[in-house]
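Notes to accompany the following structure.
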Amino acid sequence: MDDQAQIVIDGVTHTYRPAHGRAVLALSDVSLEVRAREFLALLGPSGCGKSTLLYLVGGFLPTEVGRILVEGRPVSAPGPDRGIVFQHFALFPWKTVRANVLYGLERQPLSRPEREQRAQAFIDLVGLGGFEESYPSQLSGGMRQRTALARTLAFDPSILLMDEPFGALDAQTRALMQTELLGIWRRTPKTVIFVTHDVQEAVYLADRVAVMSTRPGRIKTIVDTRFGDRNPSILRSKQFVEKVDEIWDLVRVEAIKAQEDTAP
Amino acid sequence: MVRVADHSAPAAGADGIARTPTGRLAIAARIATRSAAVVLLLVAWEIFARSGKVTPFMLPPFSAVVVRIYTDAITGVLWINLGLTLYRALAGFLIAAVAGIALGAAMSRLRPVRWFFDPIVSVGFPMPKIAFLPIVMLWLGVYDVSKIAMVVFDAIFPVVTATIAGLQAVDKELLWSARNMGAGERELMWQIALPAALPQILTGLQVALPIALIVAVIAEMAMGGYGLGGAMMGASRFADSRGVFAGIVEIAIVGYALIKGLAFIRARLLAWHQEAEERS
Ligand SMILES: Nc1ncnc2c1ncn2[C@@H]1O[C@H](COP(=O)(O)OP(=O)(O)O)[C@@H](O)[C@H]1O
Ligand SMILES: [Mg+2]
């Protein structure tokens, strides 16, 4: 696309080969470029390989076919330059909110007071002040999500990989978190790949929406969704509603295909 | 009115209510219903032993056994036997715990270790290890070392298998998330995998603890000398039936206390865990 691309995904195919059972072709020839400080939403029916693609960029799975470059270098392992927020939060249940957030900071060249201060700042940022000593099992889904977000933001990755982060939240919390995420993203610009299956969420948050096809996942289309200013009022604008409809049509076709796929 | 926090109140789920009089009553009632069956059994024992249908030699009354335990406690014999049995059981248990967790971790991390030990564990676990007693006696003698060795040999299996199963079940996203934050292999094992597997490892330890006590007593019975098991065999040899039954009651109490103690430690260690929440 252009030479400013921070993440280059080029002809990536991924096959799962479980020890027992058949091999699954999860991604087929996926190519995608993401510019620095861009907010890209990855949209597609469940099972189309969105998480897989995120895991590959994160370096958690090896890229076997094709290549993935981050800032020009091939991805070979996970690194704190690419922070991931997992779909099920992946919080350490035996650690408090504070200890969870501190975990990533312990391996950074920071003094102890600096770490403590930074952890507190991000706990406050996501609105969890007062819950520092709570364990994840004592928190609501929304609060766990915030903890996961704070933990990842705290070690300051330049790339944020988010796997359906708000999927488990109720509508109100979700709207709140979306606004909060946009605010954070504006204050500390990061490149974001945001996986979702919610069309409205994708259009609202992202600069571009990459629509994926059903398994084996490919990038079907990329739609520009940049509007003037993102605030909840645009949700009712004609321009926004039309965009959502346009993408819905693309997704609907895939969703129907996915249904036929899984039907006996 | 000034209320003093009652530290003797049972810890499990009783924090708030234990301090109110009705709460204390409720707890007493719960303990009473839970121990009713045991009390009933002891009363039946007492009545049956006094009914004249059996001689006191075959079945001494429970009260006589209690008196015997009391005298043994006064003379100090009880504490020597109890201390020795506890020492053997707990030393063996601790060695089995440390070695079992280490072996389980090594087996789940290192392919050659797994290749070597997997079949040994599979064959060894269901095997009656007590069959090795004569060999252990030949090799290590009849003193503490051989008794503790038997305990370790028996108690280690549930710890190894629980550790392996626990480590296997660790959510991969948890490990990935730690790697994302820069954790190395060693940190992954110590800081993430083992803590995440702790509930299952503790379950393994809870299985191993009664095994440790059982094997310690059996080894004592077979090898003689001091200790609850040896004392029972000695009593039996001298037709001292009160002494034999005293041993049984003592072992039952020790076993119960050990299990309760470990359950308490578990609740403490897993305060973060959902099961702690559910219980209250
Ligand atoms: N570890 C695995 N082993 C085998 N198949 C897998 C594994 N993980 C995912 N898959 C399969 O790969 C496909 C893509 O999965 P995933 O990337 O999780 O999709 P999405 O996140 O879009 O729902 C699915 O069909 C899924 O069943
Ligand atoms: Mg997914």
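Scheme for the structure tokens: letters A, B, ... for chains in order shown; per-chain residue numbers from 1; ligand numbers from 1 in order shown.
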*asked:* Within 7 Å of chain A, which residues belong to chain B? Use only C-alpha atoms and report them as a ChimeraX atom specification.
replied: /B:173-174,176-177,179-182,272-274
*Could you find all residues in region 13-177 of chain A that DSSP calls helix (DSSP H, G or I) from the backbone, and write them as an MDAnalysis selection string?*
chainID A and resid 50:58 97:105 112:125 136:138 141:154 171:177
*Residue contacts of Glu260 (chain A) (12 Å, only C-alpha atoms) excluding same-chain residues fewer than 5 positions away, as a PyMOL selection string*: chain A and resi 214-215+253-255
*Counting only C-alpha atoms and all ligand atoms, which protein, DNA or RNA residues come within 10 Å of ligand 2, given as an MDAnalysis selection string?*
chainID A and resid 44:55 86:88 163:164 195:197
Could you dump the residues just selected with C-alpha atoms as an mmCIF file, in the first residue's frame?
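This is the output file out12.cif:
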data_model
loop_
_atom_site.group_PDB
_atom_site.id
_atom_site.type_symbol
_atom_site.label_atom_id
_atom_site.label_comp_id
_atom_site.auth_asym_id
_atom_site.auth_seq_id
_atom_site.Cartn_x
_atom_site.Cartn_y
_atom_site.Cartn_z
ATOM 1 C CA GLY A 44 -15.682 -11.606 10.093
ATOM 2 C CA PRO A 45 -17.889 -14.500 11.129
ATOM 3 C CA SER A 46 -16.815 -16.629 14.037
ATOM 4 C CA GLY A 47 -14.296 -19.307 13.097
ATOM 5 C CA CYS A 48 -12.903 -17.411 10.105
ATOM 6 C CA GLY A 49 -9.432 -17.103 11.595
ATOM 7 C CA LYS A 50 -9.425 -13.637 13.164
ATOM 8 C CA SER A 51 -7.801 -14.832 16.381
ATOM 9 C CA THR A 52 -5.336 -16.921 14.415
ATOM 10 C CA LEU A 53 -4.216 -13.888 12.448
ATOM 11 C CA LEU A 54 -3.765 -11.921 15.660
ATOM 12 C CA TYR A 55 -1.742 -14.756 17.223
ATOM 13 C CA PHE A 86 -7.029 -11.733 24.771
ATOM 14 C CA GLN A 87 -10.673 -12.494 24.257
ATOM 15 C CA HIS A 88 -10.938 -14.159 27.665
ATOM 16 C CA ASP A 163 -9.253 -9.947 20.263
ATOM 17 C CA GLU A 164 -12.975 -9.220 20.600
ATOM 18 C CA VAL A 195 -10.963 -7.998 16.140
ATOM 19 C CA THR A 196 -14.720 -7.891 16.393
ATOM 20 C CA HIS A 197 -17.824 -9.377 14.869
#
*Which one is closest to Phe122 (chain A): A:Ile184, A:Leu110, A:Gly66, A:Leu161? Count only C-alpha atoms.*
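When distances to Phe122 (chain A) are compared using only C-alpha atoms, the smallest one comes from A:Ile184.
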*CA of Arg109 (chain B) and CA of Val101 (chain A), how far apart in Å?*
27.3 Å
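Relative to CA of Val159 (chain B), CA of Ala97 (chain B) is found at 6.3 Å.
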_Report as a PyMOL selection string all protein, DNA and RNA residues lying within 9 Å of region 32-41 of chain A, evaluated on only C-alpha atoms, omitting residues in the same chain fewer than 3 positions from it._
chain A and resi 1-11+158-159+185+189-196+201-203+205-211+219
*Any idea what's packed within 9 Å of Thr203 (chain B), counting only C-alpha atoms, ignoring anything in its chain fewer than 3 positions away? Could you give it as a ChimeraX atom specification?*
/B:158-159,162,198-200,206-208,266
Residue selection dump (N, CA and C atoms) as an mmCIF file, in the first residue's frame:
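Just written: again_16.cif:
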data_model
loop_
_atom_site.group_PDB
_atom_site.id
_atom_site.type_symbol
_atom_site.label_atom_id
_atom_site.label_comp_id
_atom_site.auth_asym_id
_atom_site.auth_seq_id
_atom_site.Cartn_x
_atom_site.Cartn_y
_atom_site.Cartn_z
ATOM 1 N N PRO B 158 0.548 -39.894 43.431
ATOM 2 C CA PRO B 158 -0.540 -38.929 43.185
ATOM 3 C C PRO B 158 -0.031 -37.505 42.980
ATOM 4 N N VAL B 159 1.109 -37.156 43.589
ATOM 5 C CA VAL B 159 1.637 -35.803 43.416
ATOM 6 C C VAL B 159 2.137 -35.618 41.981
ATOM 7 N N ALA B 162 -0.868 -35.522 39.519
ATOM 8 C CA ALA B 162 -1.646 -34.286 39.652
ATOM 9 C C ALA B 162 -0.870 -33.101 39.077
ATOM 10 N N LEU B 198 -1.746 -24.831 40.686
ATOM 11 C CA LEU B 198 -1.764 -25.064 42.137
ATOM 12 C C LEU B 198 -3.027 -25.773 42.646
ATOM 13 N N PRO B 199 -4.225 -25.388 42.181
ATOM 14 C CA PRO B 199 -5.400 -26.099 42.697
ATOM 15 C C PRO B 199 -5.296 -27.614 42.487
ATOM 16 N N GLN B 200 -4.872 -28.020 41.301
ATOM 17 C CA GLN B 200 -4.773 -29.454 41.039
ATOM 18 C C GLN B 200 -3.629 -30.104 41.805
ATOM 19 N N GLN B 206 -3.484 -33.609 48.700
ATOM 20 C CA GLN B 206 -4.539 -34.052 49.620
ATOM 21 C C GLN B 206 -4.801 -35.548 49.487
ATOM 22 N N VAL B 207 -4.524 -36.088 48.311
ATOM 23 C CA VAL B 207 -4.614 -37.545 48.153
ATOM 24 C C VAL B 207 -3.394 -38.206 48.799
ATOM 25 N N ALA B 208 -2.228 -37.564 48.658
ATOM 26 C CA ALA B 208 -0.979 -38.172 49.122
ATOM 27 C C ALA B 208 -0.875 -38.209 50.645
ATOM 28 N N ARG B 266 -4.962 -25.229 52.126
ATOM 29 C CA ARG B 266 -5.465 -25.059 50.767
ATOM 30 C C ARG B 266 -6.323 -23.798 50.656
#
*Have a look at A:Arg174, A:His20, A:Ala99, A:Val75 and name the one nearest to Gln120 (chain A); count only C-alpha atoms.*
A:Ala99
*Determine which residues of region 1-243 of chain A DSSP labels as strand (DSSP E or B) from the backbone of this structure, then write them out as a ChimeraX atom specification.*
/A:5-16,24-35,39-43,65-70,73-74,82-85,159-163,191-196,208-212,217,219-224
*Report the distance between CA of Gln172 (chain A) and CA of Ile247 (chain A) in Å, rounded to one decimal place.*
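Spanning CA of Gln172 (chain A) to CA of Ile247 (chain A) is a straight-line distance of 23.2 Å.
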*Select, from B:Asp118, B:Glu46, B:Asp171, B:Asp154, the residue with the minimum atom-to-atom distance to ligand 1, counting only C-alpha atoms and all ligand atoms.*
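That would be B:Asp171, the residue with the smallest distance to ligand 1.
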*Find, counting only C-alpha atoms, the residue in A:Val70, A:Val241, A:Arg144, A:Glu246 that gets nearest to Ile222 (chain A).*
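Among the listed residues, A:Glu246 lies closest to Ile222 (chain A).
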